[in-house]
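For reference, target.tsv is printed below; it contains TSV, C-alpha atoms.
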```tsv
chain	number	residue	atom	x	y	z
S	1018	MET	CA	-49.73	32.80	-23.17
S	1019	ALA	CA	-48.30	32.02	-19.74
S	1020	TRP	CA	-45.56	29.91	-21.33
S	1021	THR	CA	-44.66	32.76	-23.68
S	1022	MET	CA	-44.40	35.15	-20.75
S	1023	ILE	CA	-42.22	32.68	-18.80
S	1024	THR	CA	-39.97	32.21	-21.86
S	1025	VAL	CA	-39.59	35.99	-22.24
S	1026	ILE	CA	-38.76	36.38	-18.54
S	1027	ILE	CA	-36.18	33.56	-18.64
S	1028	THR	CA	-34.61	34.95	-21.83
S	1029	PHE	CA	-34.48	38.47	-20.40
S	1030	SER	CA	-33.02	37.19	-17.09
S	1031	THR	CA	-30.34	35.23	-18.96
S	1032	PHE	CA	-29.53	38.33	-20.98
S	1033	LEU	CA	-29.18	40.45	-17.81
S	1034	LEU	CA	-26.97	37.83	-16.14
S	1035	SER	CA	-24.80	37.70	-19.25
S	1036	ILE	CA	-24.36	41.48	-19.28
S	1037	SER	CA	-23.67	41.47	-15.55
S	1038	ALA	CA	-20.97	38.79	-15.94
S	1039	GLN	CA	-19.33	40.67	-18.83
S	1040	HIS	CA	-19.39	43.89	-16.81
S	1041	SER	CA	-17.85	42.08	-13.82
S	1042	ASN	CA	-15.10	40.52	-15.98
S	1043	TYR	CA	-14.36	43.92	-17.52
S	1044	HIS	CA	-13.88	45.50	-14.10
S	1045	ASN	CA	-11.82	42.58	-12.81
S	1046	SER	CA	-9.49	42.82	-15.80
S	1047	LYS	CA	-9.29	46.61	-15.39
S	1048	ALA	CA	-8.40	46.23	-11.70
S	1049	ALA	CA	-5.57	43.87	-12.67
S	1050	ASN	CA	-4.55	46.12	-15.56
S	1051	SER	CA	-1.01	46.65	-14.36
S	1052	PRO	CA	2.17	44.93	-15.49
S	1053	TYR	CA	3.20	44.76	-11.82
S	1054	LYS	CA	0.02	42.86	-10.89
S	1055	ALA	CA	0.50	40.61	-13.91
S	1056	LEU	CA	3.99	39.73	-12.64
S	1057	GLN	CA	2.52	38.77	-9.27
S	1058	GLN	CA	-0.13	36.60	-10.93
S	1059	TYR	CA	2.72	34.53	-12.43
S	1060	ASN	CA	4.58	34.35	-9.07
S	1061	PHE	CA	7.17	37.05	-9.79
S	1062	PRO	CA	7.98	40.09	-7.64
S	1063	VAL	CA	7.03	43.58	-8.86
S	1064	GLY	CA	10.66	44.73	-8.70
S	1065	LEU	CA	11.54	43.04	-11.97
S	1066	LEU	CA	10.18	46.17	-13.65
S	1067	PRO	CA	11.18	49.72	-12.78
S	1068	LYS	CA	8.64	52.31	-11.70
S	1069	GLY	CA	6.94	54.16	-14.49
S	1070	ALA	CA	5.54	51.46	-16.76
S	1071	THR	CA	3.04	53.26	-18.98
S	1072	GLY	CA	1.19	50.21	-20.27
S	1073	TYR	CA	1.33	46.61	-21.25
S	1074	THR	CA	-0.32	43.89	-23.26
S	1075	LEU	CA	-0.60	40.24	-22.26
S	1076	ASN	CA	-2.01	37.36	-24.25
S	1077	SER	CA	-3.18	35.11	-21.43
S	1078	SER	CA	-3.43	32.05	-23.68
S	1079	THR	CA	0.14	32.23	-25.07
S	1080	GLY	CA	1.84	34.26	-22.31
S	1081	GLU	CA	3.26	36.73	-24.83
S	1082	PHE	CA	3.61	40.17	-23.29
S	1083	SER	CA	4.88	43.64	-24.03
S	1084	VAL	CA	5.57	46.38	-21.44
S	1085	ARG	CA	6.05	50.04	-22.32
S	1086	LEU	CA	8.18	52.44	-20.27
S	1087	ASN	CA	8.54	56.24	-20.48
S	1088	GLY	CA	11.87	55.74	-22.26
S	1089	SER	CA	15.14	53.92	-21.76
S	1090	CYS	CA	16.00	53.31	-18.14
S	1091	SER	CA	19.20	52.31	-16.37
S	1092	PHE	CA	20.48	51.94	-12.83
S	1093	ALA	CA	23.00	50.04	-10.71
S	1094	LEU	CA	22.02	46.91	-8.83
S	1095	GLU	CA	23.94	45.96	-5.67
S	1096	ASN	CA	26.80	48.25	-6.79
S	1097	SER	CA	28.07	45.51	-9.07
S	1098	TYR	CA	25.62	45.21	-11.96
S	1099	GLN	CA	24.32	47.91	-14.26
S	1100	LEU	CA	20.86	47.21	-15.70
S	1101	LYS	CA	19.39	48.81	-18.80
S	1102	TYR	CA	15.76	48.67	-19.93
S	1103	LYS	CA	14.66	49.63	-23.44
S	1104	PRO	CA	11.37	51.54	-23.85
S	1105	VAL	CA	9.64	48.27	-24.83
S	1106	ILE	CA	10.20	44.95	-23.07
S	1107	LYS	CA	8.83	41.74	-24.59
S	1108	GLY	CA	8.77	38.07	-23.75
S	1109	VAL	CA	6.68	35.04	-22.88
S	1110	ILE	CA	5.57	34.58	-19.28
S	1111	SER	CA	4.28	31.52	-17.48
S	1112	ARG	CA	4.22	30.58	-13.82
S	1113	ASP	CA	7.79	30.92	-12.44
S	1114	ARG	CA	9.35	31.51	-15.89
S	1115	ILE	CA	9.89	34.38	-18.31
S	1116	GLN	CA	11.52	33.38	-21.58
S	1117	ASN	CA	12.35	34.91	-24.96
S	1118	LEU	CA	12.91	38.13	-23.03
S	1119	SER	CA	14.06	41.17	-24.96
S	1120	GLY	CA	14.63	44.75	-23.90
S	1121	VAL	CA	16.57	44.13	-20.66
S	1122	SER	CA	20.36	43.94	-20.50
S	1123	VAL	CA	23.03	43.75	-17.83
S	1124	LYS	CA	26.61	44.98	-17.92
S	1125	VAL	CA	29.05	42.21	-17.02
S	1126	LEU	CA	32.62	43.46	-16.76
S	1127	VAL	CA	32.78	45.61	-19.92
S	1128	MET	CA	30.11	43.90	-22.03
S	1129	TRP	CA	26.36	44.44	-22.21
S	1130	LEU	CA	24.50	41.12	-22.32
S	1131	ASN	CA	20.78	40.61	-22.92
S	1132	ILE	CA	18.86	38.88	-20.15
S	1133	VAL	CA	16.94	36.25	-22.08
S	1134	GLU	CA	15.25	34.25	-19.34
S	1135	ILE	CA	14.22	34.55	-15.69
S	1136	LYS	CA	13.19	31.55	-13.60
S	1137	ARG	CA	11.85	31.47	-10.09
S	1138	ASP	CA	12.91	28.56	-7.92
S	1139	ASP	CA	11.27	28.90	-4.50
S	1140	GLU	CA	12.85	32.03	-2.98
S	1141	LYS	CA	15.48	32.74	-5.63
S	1142	LEU	CA	15.43	34.20	-9.12
S	1143	GLU	CA	17.77	32.86	-11.77
S	1144	PHE	CA	18.67	35.36	-14.52
S	1145	SER	CA	20.09	33.90	-17.73
S	1146	VAL	CA	22.06	35.74	-20.39
S	1147	GLY	CA	22.32	32.60	-22.50
S	1148	ILE	CA	25.90	31.65	-21.68
S	1149	THR	CA	25.66	31.96	-17.91
S	1150	THR	CA	23.21	32.55	-15.08
S	1151	ALA	CA	23.17	34.46	-11.80
S	1152	ASP	CA	20.91	33.82	-8.80
S	1153	PHE	CA	19.44	36.47	-6.49
S	1154	PRO	CA	17.01	36.24	-3.57
S	1155	VAL	CA	13.40	37.05	-4.51
S	1156	GLY	CA	13.36	39.48	-1.58
S	1157	ASN	CA	15.79	41.74	-3.45
S	1158	PHE	CA	12.99	42.52	-5.92
S	1159	GLU	CA	10.02	43.16	-3.64
S	1160	GLU	CA	10.15	46.91	-4.38
S	1161	ARG	CA	10.17	48.51	-7.80
S	1162	PRO	CA	13.49	50.17	-8.69
S	1163	GLN	CA	13.58	53.73	-9.91
S	1164	CYS	CA	15.33	54.73	-13.12
S	1165	GLY	CA	18.61	56.48	-12.48
S	1166	CYS	CA	19.06	55.32	-8.89
S	1167	GLY	CA	17.65	51.80	-8.65
S	1168	PHE	CA	16.78	50.71	-5.11
S	1169	ASP	CA	19.02	53.27	-3.38
S	1170	CYS	CA	17.21	56.51	-4.15
S	1171	GLU	CA	17.36	59.52	-1.89
S	1172	GLY	CA	15.36	62.63	-2.60
S	1173	GLY	CA	13.37	60.92	-5.35
S	1174	ASP	CA	16.07	61.39	-7.99
S	1175	LYS	CA	14.79	59.92	-11.22
S	1176	SER	CA	16.26	60.08	-14.67
S	1177	TRP	CA	14.87	58.71	-17.89
S	1178	ALA	CA	16.99	58.64	-20.99
S	1179	SER	CA	15.03	59.16	-24.14
S	1180	SER	CA	15.58	56.84	-27.01
```
Can you dump the structure from the file as structure tokens?
Amino acid sequence: MAWTMITVIITFSTFLLSISAQHSNYHNSKAANSPYKALQQYNFPVGLLPKGATGYTLNSSTGEFSVRLNGSCSFALENSYQLKYKPVIKGVISRDRIQNLSGVSVKVLVMWLNIVEIKRDDEKLEFSVGITTADFPVGNFEERPQCGCGFDCEGGDKSWASS
């Protein structure tokens, strides 16, 4: 009878520990439930995404992700590049690399080109549009840009274009 009681206590204790661990993992994943925090976990700055992301999915085993915004978003970067984000951005993320990116484009001269890959090399980010790349300091992306005005917003001006 004593062995039966010990077995019940051990089984019940294991069950409680299992529930506790699941509860802890649930809260830890909820706390990190932000596309901005996910970027940081893969060594990217939060400023790769504009303010206002409404949700995201991330398959941690494959790196496939999807980020949802309020709508289309555009703004100027360093007064020389115009960036445009679609309402859904997709790609595959791994440490220091985002590939198969879709939903983000940059205006170069008079053409809009899709940014297809972003690599981090120490303190610089390399953006690829397939045929060419451009490097920028990581520090340029420490803050999240705002739709309509980018990093140079005064008075909180924000504009979303519906799509």
Item to check | Interatomic distance (Å, one decimal) between atom CA of S:Pro1062 and atom CA of S:Thr1149 | outcome: 22.0 Å
Next on the checklist: as an NGL selection string, please: the residues near S:Asn1117 (cut-off 10 Å, all atoms listed in the file, same-chain neighbours under 5 positions excluded).
Outcome noted: :S and (1081 or 1107-1110 or 1132-1135)
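Of the residues listed (S:Cys1166, S:Leu1056, S:Val1125, S:Val1155), S:Val1155 shows the shortest atom-to-atom separation from S:Asp1138; distances use only C-alpha atoms.
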Next on the checklist: Counting all atoms listed in the file, which residue out of S:Val1121, S:Gly1088, S:Val1146, S:Asn1131 sits closest to S:Leu1065?
Outcome noted: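 Ranking S:Val1121, S:Gly1088, S:Val1146, S:Asn1131 by distance to S:Leu1065, first place goes to S:Val1121.
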Checklist entry - Excluding same-chain residues fewer than 5 positions from S:Ser1091, what lies within 12 Å of it counting all atoms listed in the file, as a PyMOL selection string? => result chain S and resi 1066-1068+1086+1098-1104+1120-1124+1162-1168+1175-1179
Item to check | For atom CA of S:Leu1142 and atom CA of S:Asn1157, the interatomic separation in Å (one decimal) | outcome: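 Atom CA of S:Asn1157 lies 9.4 Å from atom CA of S:Leu1142.
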Checklist entry - So how many Å separate atom CA of S:Pro1052 and atom CA of S:Gly1072, to one decimal? => result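 Rounded to one decimal, the two atoms are 7.2 Å apart.
Between S:Phe1144 and the residues S:Asn1060, S:Glu1159, S:Ala1093, S:Asp1113, the shortest atom-to-atom distance, using only C-alpha atoms, involves S:Asp1113.
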